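Visitor: Please find one structure pasted underneath; my questions will follow.
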Amino acid sequence: MSLQETLTSEERLAELDLDTLKQLVGLVEYDDHEDPFPVTGWDAAVWAVGNATQSAHFFVSAFGMELVAYSGPETGNRDHVAFVLRSGAVRFVLKGGVDPSSPILDHHRKHGDGIVDIALEVPDVDKCIAHARAVGATVLEEPHDISDEHGTVRVAAIATYGDTRHSLVDRSRYDGPYLPGYVARSSGFDRLNRRGGEGAPRRLFQALDHIVGNVELGRMDEWVEFYRKVMGFTNMAEFIGDDIATDYSALMSKVVANGNHRVKFPLNEPAVAKKRSQIDEYLEFYDGPGAQHLALATNDILDTVDRLRAEGIEFLATPDSYYEDPELRARIGEVRVPVEELQKRGILVDRDEDGYLLQIFTKPLGDRPTVFFELIERHGSLGFGKGNFKALFEAIEREQERRGNF
Ligand SMILES: [Fe+2]
């Protein structure tokens, strides 16, 4: 199979090509013939939220996503409503309980707004499940077909950390807007008018780069091993101890990735330190392990940040000292814009042997101090901003302090 053929249907729909994806998310060539659990890429990030109707509007109006499909009582789904949103190749599905006995409401009571399912696109659902079962993974849903007039989707699901799951989806025989049971739907929100008719609205982000999981103290290596053994993922990078420690708190992190590097999972666990780390805070308020942040790849982080700020999205503040630090200036060298432009927006920069990246983090998206977004613009670097971790964590600690959780 050539790399071109392995573009996901979402990437093709979003008119992304291989060169763009190499830059955006570090896509690499990969032959999956020998892979017992081949993964093509992301299928969707599925959220359980307290009010999907309003969250969908928020992601459309503030984050510039496009509403493409819907499921709910009007379509025969009496349990919950679900809104399918897209930006480039990124697909979010927001679910909120309608029936008072909906399991989505139980999930939300325990965890608050968060990611319930990191769904992955795979070419052979049955092969993946057979392998996963053989090596001891928990199969939550056996492979089965679901069909409607648009064709057939084959799906299954396995359990991962906390109450999170990985649905495995083969939609190669399907051309509907999302899954059987969903109908096409668009939003009445008029972005073009609201922005003064300045031409076609631009996508604020084009692809999903990575999703970070926070796991229990002492269990990071177990989860790294899970992804290695069950899904054939490989280690990408490793940060331990002092790499990610401030004077007060510490965490450990390892990154695993699928063969073509589209799907990257950094896994964090808290490390023992003087005070509570952001991971401890997450684990307490999410009431267990879960997805901590989703990194959204953009090819113009300055414009994206400006537009999101104009919509009222709040980012973690970066102190001026970060930009004035001569050591940092020397380390980052030349980037595509003057450092002052980054400083104005609080955008962080990191460089490694392959290149550099620009990144910034939002404040938590919901009521609890749990899930948030990262925006990332890669220029060769395949890292995750290791050099920024300390500055970043100090910024997070200031926020924790304000919440009384430090
Ligand atoms: Fe990240």
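FYI, nothing fancy with the structure tokens labels: chains A, B, ... in order, residues from 1 per chain, ligands from 1 as they appear.
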Could you list, as a ChimeraX atom specification, all the residues within 9 Å of ligand 1, counting only C-alpha atoms and all ligand atoms?
Guide: /A:209-212,266,293-295,359,361,373-376,384-385
Visitor: Hey, what's within 7 Å of Arg203 in chain A if we count only C-alpha atoms and toss same-chain stuff fewer than 2 positions away? As JSON, numbers by chain, please?
Guide: {"A": [64, 87, 88, 201, 205, 206]}
Visitor: Please return as a PyMOL selection string: the residues of range 128-334 of chain A that backbone DSSP assigns to strand (DSSP E or B).
Guide: chain A and resi 139-148+151-159+165-174+183-184+207-214+234-239+245+250-257+264-271+290-297+315
Visitor: So that each row is one residue of range 221-307 of chain A with an atom at most 10 Å from range 313-327 of chain A, can you give its shortest atom pair and the distance in Å to one decimal, using only C-alpha atoms, rows by chain and rising number, as CSV?
Guide:
residue,atom,partner,partner_atom,distance
A:Val305,CA,A:Ile313,CA,8.7
A:Asp306,CA,A:Ile313,CA,9.6
A:Arg307,CA,A:Ile313,CA,8.9
Visitor: If you keep N, CA and C atoms, can you produce a file of those selected residues as a PDB file, in the first residue's frame?
Guide:
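Wrote result09.pdb, looks like this:
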ATOM      1  N   VAL A 305      -4.382  31.652  17.324  1.00  0.00           N
ATOM      2  CA  VAL A 305      -4.459  32.186  18.687  1.00  0.00           C
ATOM      3  C   VAL A 305      -5.178  33.535  18.694  1.00  0.00           C
ATOM      4  N   ASP A 306      -4.876  34.381  17.720  1.00  0.00           N
ATOM      5  CA  ASP A 306      -5.547  35.686  17.661  1.00  0.00           C
ATOM      6  C   ASP A 306      -7.061  35.511  17.525  1.00  0.00           C
ATOM      7  N   ARG A 307      -7.448  34.586  16.634  1.00  0.00           N
ATOM      8  CA  ARG A 307      -8.888  34.384  16.412  1.00  0.00           C
ATOM      9  C   ARG A 307      -9.569  33.771  17.625  1.00  0.00           C
TER      10      ARG A 307
END
Visitor: Within 10 Å of range 90-106 of chain A, counting only C-alpha atoms, which residues show up once you throw out same-chain ones fewer than 6 positions away? Write them as a tab-separated table (two decimals) with N, CA and C atoms, in the first residue's frame, please.
Guide:
chain	number	residue	atom	x	y	z
A	10	GLU	N	-11.04	11.22	6.14
A	10	GLU	CA	-11.19	12.58	6.68
A	10	GLU	C	-10.13	13.52	6.10
A	11	GLU	N	-8.90	12.98	5.97
A	11	GLU	CA	-7.82	13.81	5.42
A	11	GLU	C	-8.11	14.15	3.96
A	14	ALA	N	-10.71	16.73	3.85
A	14	ALA	CA	-10.18	18.02	4.28
A	14	ALA	C	-9.15	18.57	3.30
A	42	TRP	N	-6.55	8.53	13.38
A	42	TRP	CA	-7.66	8.85	14.28
A	42	TRP	C	-8.98	8.67	13.55
A	43	ASP	N	-9.98	8.18	14.26
A	43	ASP	CA	-11.33	8.23	13.70
A	43	ASP	C	-12.11	9.39	14.33
A	44	ALA	N	-12.13	9.44	15.64
A	44	ALA	CA	-12.85	10.54	16.31
A	44	ALA	C	-12.43	10.61	17.76
A	45	ALA	N	-12.53	11.80	18.33
A	45	ALA	CA	-12.46	11.96	19.78
A	45	ALA	C	-13.90	12.14	20.24
A	46	VAL	N	-14.38	11.17	21.03
A	46	VAL	CA	-15.78	11.19	21.46
A	46	VAL	C	-15.84	11.69	22.91
A	47	TRP	N	-16.64	12.72	23.12
A	47	TRP	CA	-16.75	13.36	24.43
A	47	TRP	C	-18.09	13.03	25.07
A	48	ALA	N	-18.10	12.90	26.39
A	48	ALA	CA	-19.35	12.97	27.14
A	48	ALA	C	-19.34	14.32	27.84
A	49	VAL	N	-20.39	15.10	27.61
A	49	VAL	CA	-20.44	16.44	28.20
A	49	VAL	C	-21.79	16.66	28.88
A	50	GLY	N	-21.85	17.67	29.72
A	50	GLY	CA	-23.06	17.94	30.49
A	50	GLY	C	-24.18	18.54	29.65
A	51	ASN	N	-23.79	19.20	28.57
A	51	ASN	CA	-24.78	19.85	27.73
A	51	ASN	C	-24.24	19.89	26.30
A	52	ALA	N	-24.48	18.80	25.59
A	52	ALA	CA	-23.88	18.67	24.25
A	52	ALA	C	-24.43	19.73	23.30
A	53	THR	N	-25.67	20.11	23.49
A	53	THR	CA	-26.28	21.12	22.63
A	53	THR	C	-25.47	22.43	22.70
A	54	GLN	N	-25.13	22.82	23.93
A	54	GLN	CA	-24.38	24.07	24.08
A	54	GLN	C	-22.89	23.89	23.78
A	55	SER	N	-22.32	22.74	24.15
A	55	SER	CA	-20.90	22.51	23.83
A	55	SER	C	-20.68	22.52	22.33
A	56	ALA	N	-21.61	21.93	21.58
A	56	ALA	CA	-21.47	21.91	20.12
A	56	ALA	C	-21.43	23.34	19.59
A	59	PHE	N	-17.97	24.83	20.27
A	59	PHE	CA	-16.91	24.38	19.37
A	59	PHE	C	-17.10	24.95	17.96
A	65	MET	N	-15.31	25.03	14.33
A	65	MET	CA	-15.58	23.70	13.79
A	65	MET	C	-16.89	23.72	13.01
A	66	GLU	N	-17.06	22.68	12.19
A	66	GLU	CA	-18.25	22.61	11.36
A	66	GLU	C	-19.12	21.46	11.85
A	67	LEU	N	-20.40	21.76	12.08
A	67	LEU	CA	-21.34	20.69	12.44
A	67	LEU	C	-21.67	19.90	11.19
A	68	VAL	N	-21.49	18.56	11.25
A	68	VAL	CA	-21.74	17.76	10.03
A	68	VAL	C	-22.80	16.68	10.23
A	69	ALA	N	-23.02	16.24	11.46
A	69	ALA	CA	-24.00	15.16	11.65
A	69	ALA	C	-24.57	15.22	13.06
A	70	TYR	N	-25.70	14.52	13.22
A	70	TYR	CA	-26.43	14.57	14.48
A	70	TYR	C	-27.16	13.26	14.69
A	71	SER	N	-27.29	12.88	15.96
A	71	SER	CA	-28.15	11.76	16.35
A	71	SER	C	-28.87	12.19	17.62
A	72	GLY	N	-30.14	11.79	17.75
A	72	GLY	CA	-30.91	12.18	18.93
A	72	GLY	C	-32.32	11.65	18.82
A	73	PRO	N	-33.19	12.08	19.70
A	73	PRO	CA	-34.56	11.56	19.69
A	73	PRO	C	-35.23	11.67	18.32
A	77	ASN	N	-32.86	7.92	18.35
A	77	ASN	CA	-31.94	7.67	19.47
A	77	ASN	C	-32.53	8.36	20.71
A	78	ARG	N	-33.18	7.59	21.57
A	78	ARG	CA	-33.88	8.19	22.71
A	78	ARG	C	-32.99	8.33	23.93
A	79	ASP	N	-31.77	7.77	23.85
A	79	ASP	CA	-30.87	7.78	25.01
A	79	ASP	C	-30.11	9.10	25.15
A	80	HIS	N	-29.59	9.60	24.03
A	80	HIS	CA	-28.73	10.79	24.10
A	80	HIS	C	-28.78	11.57	22.80
A	81	VAL	N	-28.23	12.77	22.86
A	81	VAL	CA	-27.98	13.51	21.62
A	81	VAL	C	-26.50	13.43	21.33
A	82	ALA	N	-26.13	13.50	20.06
A	82	ALA	CA	-24.72	13.48	19.67
A	82	ALA	C	-24.54	14.41	18.48
A	83	PHE	N	-23.54	15.28	18.59
A	83	PHE	CA	-23.23	16.24	17.53
A	83	PHE	C	-21.84	15.90	16.98
A	84	VAL	N	-21.73	15.76	15.67
A	84	VAL	CA	-20.45	15.43	15.05
A	84	VAL	C	-19.90	16.71	14.42
A	112	GLY	N	-17.28	14.48	34.90
A	112	GLY	CA	-17.45	15.79	34.27
A	112	GLY	C	-17.23	15.68	32.77
A	113	ASP	N	-17.10	16.82	32.09
A	113	ASP	CA	-16.87	16.79	30.65
A	113	ASP	C	-15.53	16.10	30.37
A	114	GLY	N	-15.50	15.22	29.40
A	114	GLY	CA	-14.23	14.57	29.08
A	114	GLY	C	-14.36	13.63	27.90
A	115	ILE	N	-13.24	12.99	27.59
A	115	ILE	CA	-13.15	12.08	26.44
A	115	ILE	C	-13.51	10.67	26.90
A	116	VAL	N	-14.54	10.10	26.28
A	116	VAL	CA	-14.92	8.73	26.64
A	116	VAL	C	-14.32	7.70	25.68
A	117	ASP	N	-14.01	8.15	24.47
A	117	ASP	CA	-13.61	7.20	23.44
A	117	ASP	C	-12.61	7.88	22.50
A	118	ILE	N	-11.41	7.32	22.41
A	118	ILE	CA	-10.45	7.76	21.40
A	118	ILE	C	-10.55	6.73	20.28
A	119	ALA	N	-11.41	7.03	19.32
A	119	ALA	CA	-11.72	6.06	18.27
A	119	ALA	C	-10.64	6.11	17.19
A	178	TYR	N	-21.34	10.13	9.25
A	178	TYR	CA	-20.54	9.65	10.37
A	178	TYR	C	-20.73	8.15	10.57
A	205	PHE	N	-7.78	24.86	13.01
A	205	PHE	CA	-6.82	23.75	13.13
A	205	PHE	C	-7.18	22.69	12.11
A	206	GLN	N	-6.19	21.91	11.71
A	206	GLN	CA	-6.36	21.01	10.56
A	206	GLN	C	-6.28	19.53	10.89
A	207	ALA	N	-5.61	19.18	11.98
A	207	ALA	CA	-5.40	17.76	12.28
A	207	ALA	C	-5.18	17.59	13.77
A	208	LEU	N	-5.37	16.36	14.22
A	208	LEU	CA	-5.11	16.02	15.62
A	208	LEU	C	-3.68	15.49	15.69
A	209	ASP	N	-2.88	16.05	16.58
A	209	ASP	CA	-1.48	15.62	16.66
A	209	ASP	C	-1.27	14.54	17.72
A	296	LEU	N	-3.98	20.11	18.88
A	296	LEU	CA	-4.57	20.41	17.59
A	296	LEU	C	-3.50	21.06	16.72
A	297	ALA	N	-3.24	20.46	15.57
A	297	ALA	CA	-2.18	20.96	14.70
A	297	ALA	C	-2.72	22.07	13.80
Visitor: Any idea what the distance is between CA of Glu399 in chain A and CA of Arg109 in chain A?
Guide: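 Straight-line distance from CA of Glu399 in chain A to CA of Arg109 in chain A works out to 24.2 Å.
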Visitor: What are the closest atom pairs, with distances in Å to one decimal, for each residue of range 98-127 of chain A lying within 12 Å of range 145-153 of chain A, using only C-alpha atoms, rows by chain and rising residue number, as CSV?
Guide:
residue,atom,partner,partner_atom,distance
A:Glu121,CA,A:Val153,CA,10.9
A:Val122,CA,A:Val153,CA,11.3
A:Pro123,CA,A:Val153,CA,11.2
A:Asp124,CA,A:Val153,CA,11.3
A:Val125,CA,A:Val153,CA,10.1
A:Asp126,CA,A:Asp145,CA,11.0
Visitor: I'd like the interatomic distance between CA of Phe372 in chain A and CA of Arg336 in chain A, to a tenth of an Å.
Guide: 26.2 Å
